[in-house]
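Structure record follows, encoded as C-alpha cells.
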Amino acid sequence: PIAIKAKEEGFKGFILPKQNVKEAAIVSDLEVYGIENIEQLIRFFDRGEPLERTIIDTRKEFYQELEHPEHDFADVKGQESIKRCMEIAAAGGHN
C-alpha cells in the first residue's frame with residue numbers, strides 16, 4: 001500500500017528495509033531500494049554510495065511460485081473450517 005500511494009503521489013522511488021523490498025517492487029514505474037541497516041542509508045546520503053535497485057519480473061515470479069510454492073496447504077494442521085472455506089473459494093474461482 002505504501003508503494004502504491006508513493007506512485008500516486010508522484011514519488012520516483014523510495015528506500016525501505018530489505019525484508020519488504022520485493023513486495024514494494026511489484027509496483028511498476030517506481031524505483032525501490034532495500035537496505036539492511038541505517039548505516040547503508042547514511043553512506044548513501046553522506047558519501048553517495050550506490051544502493052542496489054530491486055526489480056521484480058512479476059510474470060517470472062508467478063510461474064516460479066507455481067512450480068515451487070513457498071507454502072504447501074498440506075502443511076496446515078487443524079483449522080479445518082478455514083481450510084474448507086479456502087477450498088470452496090479456490091474451487092469457485094473466488095478471491
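Residue names in the C-alpha cells use chain letters A, B, ... in the order shown, residue numbers from 1 in each chain, and ligand numbers from 1 in the order shown.
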
Which residues of range 56-78 of chain A come within 10 Å of range 11-35 of chain A, and for each one, what is the closest pair of atoms and their distance in Å to one decimal, counting only C-alpha atoms, sorted by chain and residue number, as a tab-separated table?
```
residue	atom	partner	partner_atom	distance
A:Ile56	CA	A:Ile26	CA	5.8
A:Asp57	CA	A:Ile26	CA	7.7
A:Thr58	CA	A:Ile26	CA	6.6
```

Can you write out the residues you just picked, keeping N, CA, C and O atoms, as a compact mmCIF listing (two decimals), in the first residue's frame?
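The resulting file, selection_28.txt, is shown below:
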```txt
# COMPACT_ATOMS: atom_id res chain seq x y z
N ILE A 56 11.42 -6.47 -9.98
CA ILE A 56 10.70 -7.73 -9.93
C ILE A 56 10.00 -7.98 -11.26
O ILE A 56 9.26 -7.13 -11.75
N ASP A 57 10.26 -9.15 -11.82
CA ASP A 57 9.54 -9.60 -13.02
C ASP A 57 8.35 -10.40 -12.50
O ASP A 57 8.49 -11.57 -12.13
N THR A 58 7.19 -9.78 -12.43
CA THR A 58 6.03 -10.42 -11.81
C THR A 58 5.61 -11.70 -12.53
O THR A 58 5.18 -12.65 -11.90
```

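Inside chain A, the residues DSSP reads as strand (DSSP E) when given the backbone are Gly13, Phe14, Ile15, Leu16, Pro17, Glu31, Val32, Tyr33, Gly34, Ile35, Arg53 and Thr54 of chain A.
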
Output file for the residues above (all heavy atoms, as an mmCIF file, in the first residue's frame):
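Result file selection_27.cif:
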```
data_model
loop_
_atom_site.group_PDB
_atom_site.id
_atom_site.type_symbol
_atom_site.label_atom_id
_atom_site.label_comp_id
_atom_site.auth_asym_id
_atom_site.auth_seq_id
_atom_site.Cartn_x
_atom_site.Cartn_y
_atom_site.Cartn_z
ATOM 1 N N GLY A 13 10.651 7.041 -6.373
ATOM 2 C CA GLY A 13 11.030 5.798 -5.705
ATOM 3 C C GLY A 13 11.196 6.032 -4.223
ATOM 4 O O GLY A 13 10.971 7.132 -3.724
ATOM 5 N N PHE A 14 11.598 4.969 -3.522
ATOM 6 C CA PHE A 14 11.859 5.119 -2.092
ATOM 7 C C PHE A 14 12.727 3.990 -1.568
ATOM 8 O O PHE A 14 12.960 2.996 -2.247
ATOM 9 C CB PHE A 14 10.581 5.306 -1.276
ATOM 10 C CG PHE A 14 9.651 4.126 -1.234
ATOM 11 C CD1 PHE A 14 9.602 3.312 -0.130
ATOM 12 C CD2 PHE A 14 8.812 3.851 -2.295
ATOM 13 C CE1 PHE A 14 8.726 2.237 -0.079
ATOM 14 C CE2 PHE A 14 7.931 2.787 -2.249
ATOM 15 C CZ PHE A 14 7.897 1.978 -1.141
ATOM 16 N N ILE A 15 13.212 4.178 -0.354
ATOM 17 C CA ILE A 15 14.124 3.245 0.307
ATOM 18 C C ILE A 15 13.384 2.655 1.497
ATOM 19 O O ILE A 15 12.729 3.371 2.249
ATOM 20 C CB ILE A 15 15.390 3.988 0.779
ATOM 21 C CG1 ILE A 15 16.100 4.628 -0.425
ATOM 22 C CG2 ILE A 15 16.315 3.044 1.536
ATOM 23 C CD1 ILE A 15 17.173 5.622 -0.043
ATOM 24 N N LEU A 16 13.515 1.339 1.663
ATOM 25 C CA LEU A 16 12.842 0.675 2.769
ATOM 26 C C LEU A 16 13.647 -0.544 3.197
ATOM 27 O O LEU A 16 14.615 -0.913 2.537
ATOM 28 C CB LEU A 16 11.419 0.294 2.381
ATOM 29 C CG LEU A 16 11.234 -0.801 1.333
ATOM 30 C CD1 LEU A 16 9.827 -1.362 1.454
ATOM 31 C CD2 LEU A 16 11.410 -0.256 -0.051
ATOM 32 N N PRO A 17 13.280 -1.191 4.310
ATOM 33 C CA PRO A 17 14.015 -2.371 4.757
ATOM 34 C C PRO A 17 14.000 -3.468 3.694
ATOM 35 O O PRO A 17 13.009 -3.679 2.998
ATOM 36 C CB PRO A 17 13.257 -2.822 6.008
ATOM 37 C CG PRO A 17 12.586 -1.590 6.500
ATOM 38 C CD PRO A 17 12.225 -0.810 5.265
ATOM 39 N N GLU A 31 10.975 3.186 -8.445
ATOM 40 C CA GLU A 31 12.295 2.659 -8.096
ATOM 41 C C GLU A 31 12.305 2.327 -6.609
ATOM 42 O O GLU A 31 12.030 3.181 -5.774
ATOM 43 C CB GLU A 31 13.384 3.679 -8.421
ATOM 44 C CG GLU A 31 13.507 3.967 -9.898
ATOM 45 C CD GLU A 31 14.571 4.999 -10.204
ATOM 46 O OE1 GLU A 31 15.430 5.272 -9.343
ATOM 47 O OE2 GLU A 31 14.540 5.543 -11.327
ATOM 48 N N VAL A 32 12.658 1.079 -6.299
ATOM 49 C CA VAL A 32 12.627 0.617 -4.912
ATOM 50 C C VAL A 32 14.010 0.091 -4.536
ATOM 51 O O VAL A 32 14.601 -0.701 -5.269
ATOM 52 C CB VAL A 32 11.559 -0.480 -4.731
ATOM 53 C CG1 VAL A 32 11.534 -0.965 -3.303
ATOM 54 C CG2 VAL A 32 10.192 0.035 -5.149
ATOM 55 N N TYR A 33 14.498 0.545 -3.396
ATOM 56 C CA TYR A 33 15.816 0.164 -2.906
ATOM 57 C C TYR A 33 15.672 -0.387 -1.491
ATOM 58 O O TYR A 33 15.052 0.243 -0.640
ATOM 59 C CB TYR A 33 16.755 1.367 -2.889
ATOM 60 C CG TYR A 33 16.918 2.005 -4.254
ATOM 61 C CD1 TYR A 33 16.064 3.009 -4.680
ATOM 62 C CD2 TYR A 33 17.919 1.578 -5.113
ATOM 63 C CE1 TYR A 33 16.200 3.587 -5.934
ATOM 64 C CE2 TYR A 33 18.069 2.137 -6.369
ATOM 65 C CZ TYR A 33 17.200 3.142 -6.774
ATOM 66 O OH TYR A 33 17.333 3.699 -8.019
ATOM 67 N N GLY A 34 16.252 -1.539 -1.242
ATOM 68 C CA GLY A 34 16.214 -2.138 0.088
ATOM 69 C C GLY A 34 17.543 -1.994 0.793
ATOM 70 O O GLY A 34 18.596 -2.123 0.171
ATOM 71 N N ILE A 35 17.482 -1.710 2.078
ATOM 72 C CA ILE A 35 18.711 -1.594 2.867
ATOM 73 C C ILE A 35 18.660 -2.562 4.046
ATOM 74 O O ILE A 35 17.585 -2.903 4.534
ATOM 75 C CB ILE A 35 18.947 -0.155 3.367
ATOM 76 C CG1 ILE A 35 17.781 0.339 4.220
ATOM 77 C CG2 ILE A 35 19.216 0.779 2.200
ATOM 78 C CD1 ILE A 35 18.046 1.645 4.935
ATOM 79 N N ARG A 53 19.068 -1.328 -6.780
ATOM 80 C CA ARG A 53 17.634 -1.251 -7.068
ATOM 81 C C ARG A 53 17.072 -2.664 -7.207
ATOM 82 O O ARG A 53 17.703 -3.545 -7.787
ATOM 83 C CB ARG A 53 17.399 -0.482 -8.359
ATOM 84 C CG ARG A 53 15.934 -0.345 -8.693
ATOM 85 C CD ARG A 53 15.730 0.460 -9.939
ATOM 86 N NE ARG A 53 14.324 0.480 -10.286
ATOM 87 C CZ ARG A 53 13.845 0.936 -11.413
ATOM 88 N NH1 ARG A 53 14.665 1.447 -12.317
ATOM 89 N NH2 ARG A 53 12.559 0.905 -11.652
ATOM 90 N N THR A 54 15.896 -2.881 -6.675
ATOM 91 C CA THR A 54 15.221 -4.170 -6.796
ATOM 92 C C THR A 54 14.172 -4.067 -7.893
ATOM 93 O O THR A 54 13.305 -3.208 -7.851
ATOM 94 C CB THR A 54 14.550 -4.571 -5.467
ATOM 95 O OG1 THR A 54 15.551 -4.641 -4.454
ATOM 96 C CG2 THR A 54 13.852 -5.903 -5.589
#
```

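Atom pair CA of Asp72 in chain A / CA of Arg59 in chain A: separated by 20.6 Å.
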
Near-Pro50 in chain A list (10 Å; only C-alpha atoms; drop same-chain fewer than 4 positions) as number ranges by chain
A: 33, 40-41, 43-45

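CA of Pro1 in chain A is found 24.6 Å from CA of Ala90 in chain A.
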
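Here the DSSP assignment of alpha helix (DSSP H), based on backbone atoms, applies within range 39-70 of chain A to Glu39, Gln40, Leu41, Ile42, Arg43, Phe44, Phe45, Asp46, Arg47, Thr58, Arg59, Lys60, Glu61, Phe62, Tyr63, Gln64, Glu65, Leu66 and Glu67 of chain A.
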
Now that the selection is made, can you save its residues with N, CA, C and O atoms as a PDB file, in the first residue's frame?
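Result written to selection23.pdb:
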```
ATOM      1  N   GLU A  39      23.053   2.306   8.586  1.00  0.00           N
ATOM      2  CA  GLU A  39      24.380   2.741   8.140  1.00  0.00           C
ATOM      3  C   GLU A  39      24.452   2.823   6.615  1.00  0.00           C
ATOM      4  O   GLU A  39      25.068   3.735   6.066  1.00  0.00           O
ATOM      5  N   GLN A  40      23.805   1.894   5.925  1.00  0.00           N
ATOM      6  CA  GLN A  40      23.763   1.940   4.464  1.00  0.00           C
ATOM      7  C   GLN A  40      23.093   3.220   3.987  1.00  0.00           C
ATOM      8  O   GLN A  40      23.535   3.832   3.010  1.00  0.00           O
ATOM      9  N   LEU A  41      22.037   3.596   4.647  1.00  0.00           N
ATOM     10  CA  LEU A  41      21.317   4.806   4.274  1.00  0.00           C
ATOM     11  C   LEU A  41      22.183   6.050   4.499  1.00  0.00           C
ATOM     12  O   LEU A  41      22.231   6.938   3.651  1.00  0.00           O
ATOM     13  N   ILE A  42      22.891   6.087   5.600  1.00  0.00           N
ATOM     14  CA  ILE A  42      23.782   7.210   5.902  1.00  0.00           C
ATOM     15  C   ILE A  42      24.886   7.303   4.858  1.00  0.00           C
ATOM     16  O   ILE A  42      25.186   8.385   4.350  1.00  0.00           O
ATOM     17  N   ARG A  43      25.486   6.159   4.506  1.00  0.00           N
ATOM     18  CA  ARG A  43      26.546   6.151   3.487  1.00  0.00           C
ATOM     19  C   ARG A  43      26.002   6.600   2.130  1.00  0.00           C
ATOM     20  O   ARG A  43      26.695   7.269   1.370  1.00  0.00           O
ATOM     21  N   PHE A  44      24.774   6.247   1.833  1.00  0.00           N
ATOM     22  CA  PHE A  44      24.149   6.668   0.573  1.00  0.00           C
ATOM     23  C   PHE A  44      24.033   8.189   0.520  1.00  0.00           C
ATOM     24  O   PHE A  44      24.399   8.820  -0.476  1.00  0.00           O
ATOM     25  N   PHE A  45      23.538   8.803   1.593  1.00  0.00           N
ATOM     26  CA  PHE A  45      23.349  10.242   1.600  1.00  0.00           C
ATOM     27  C   PHE A  45      24.654  11.018   1.829  1.00  0.00           C
ATOM     28  O   PHE A  45      24.873  12.052   1.202  1.00  0.00           O
ATOM     29  N   ASP A  46      25.523  10.514   2.691  1.00  0.00           N
ATOM     30  CA  ASP A  46      26.759  11.238   3.001  1.00  0.00           C
ATOM     31  C   ASP A  46      27.842  11.060   1.945  1.00  0.00           C
ATOM     32  O   ASP A  46      28.538  12.003   1.593  1.00  0.00           O
ATOM     33  N   ARG A  47      28.013   9.840   1.461  1.00  0.00           N
ATOM     34  CA  ARG A  47      29.128   9.538   0.561  1.00  0.00           C
ATOM     35  C   ARG A  47      28.688   9.227  -0.869  1.00  0.00           C
ATOM     36  O   ARG A  47      29.524   9.008  -1.735  1.00  0.00           O
ATOM     37  N   THR A  58       7.191  -9.782 -12.429  1.00  0.00           N
ATOM     38  CA  THR A  58       6.032 -10.421 -11.808  1.00  0.00           C
ATOM     39  C   THR A  58       5.607 -11.696 -12.533  1.00  0.00           C
ATOM     40  O   THR A  58       5.179 -12.654 -11.904  1.00  0.00           O
ATOM     41  N   ARG A  59       5.735 -11.716 -13.844  1.00  0.00           N
ATOM     42  CA  ARG A  59       5.371 -12.921 -14.601  1.00  0.00           C
ATOM     43  C   ARG A  59       6.292 -14.089 -14.213  1.00  0.00           C
ATOM     44  O   ARG A  59       5.834 -15.188 -13.948  1.00  0.00           O
ATOM     45  N   LYS A  60       7.589 -13.818 -14.164  1.00  0.00           N
ATOM     46  CA  LYS A  60       8.558 -14.851 -13.779  1.00  0.00           C
ATOM     47  C   LYS A  60       8.299 -15.336 -12.354  1.00  0.00           C
ATOM     48  O   LYS A  60       8.303 -16.530 -12.072  1.00  0.00           O
ATOM     49  N   GLU A  61       8.064 -14.399 -11.438  1.00  0.00           N
ATOM     50  CA  GLU A  61       7.789 -14.751 -10.039  1.00  0.00           C
ATOM     51  C   GLU A  61       6.542 -15.627  -9.932  1.00  0.00           C
ATOM     52  O   GLU A  61       6.499 -16.579  -9.170  1.00  0.00           O
ATOM     53  N   PHE A  62       5.506 -15.287 -10.699  1.00  0.00           N
ATOM     54  CA  PHE A  62       4.255 -16.039 -10.674  1.00  0.00           C
ATOM     55  C   PHE A  62       4.491 -17.491 -11.093  1.00  0.00           C
ATOM     56  O   PHE A  62       4.086 -18.423 -10.388  1.00  0.00           O
ATOM     57  N   TYR A  63       5.165 -17.681 -12.216  1.00  0.00           N
ATOM     58  CA  TYR A  63       5.381 -19.041 -12.700  1.00  0.00           C
ATOM     59  C   TYR A  63       6.359 -19.820 -11.831  1.00  0.00           C
ATOM     60  O   TYR A  63       6.213 -21.023 -11.651  1.00  0.00           O
ATOM     61  N   GLN A  64       7.324 -19.144 -11.262  1.00  0.00           N
ATOM     62  CA  GLN A  64       8.259 -19.803 -10.353  1.00  0.00           C
ATOM     63  C   GLN A  64       7.523 -20.297  -9.102  1.00  0.00           C
ATOM     64  O   GLN A  64       7.763 -21.393  -8.621  1.00  0.00           O
ATOM     65  N   GLU A  65       6.603 -19.488  -8.607  1.00  0.00           N
ATOM     66  CA  GLU A  65       5.826 -19.856  -7.419  1.00  0.00           C
ATOM     67  C   GLU A  65       4.910 -21.040  -7.721  1.00  0.00           C
ATOM     68  O   GLU A  65       4.672 -21.886  -6.860  1.00  0.00           O
ATOM     69  N   LEU A  66       4.400 -21.111  -8.936  1.00  0.00           N
ATOM     70  CA  LEU A  66       3.567 -22.250  -9.324  1.00  0.00           C
ATOM     71  C   LEU A  66       4.356 -23.548  -9.288  1.00  0.00           C
ATOM     72  O   LEU A  66       3.859 -24.586  -8.862  1.00  0.00           O
ATOM     73  N   GLU A  67       5.594 -23.498  -9.763  1.00  0.00           N
ATOM     74  CA  GLU A  67       6.434 -24.691  -9.831  1.00  0.00           C
ATOM     75  C   GLU A  67       7.022 -25.060  -8.471  1.00  0.00           C
ATOM     76  O   GLU A  67       7.213 -26.233  -8.184  1.00  0.00           O
TER      77      GLU A  67
END
```

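The closest residue to Glu36 in chain A, picked from A:Gly92, A:Asp75, A:Leu51, A:Glu8 and counting only C-alpha atoms, is A:Leu51.
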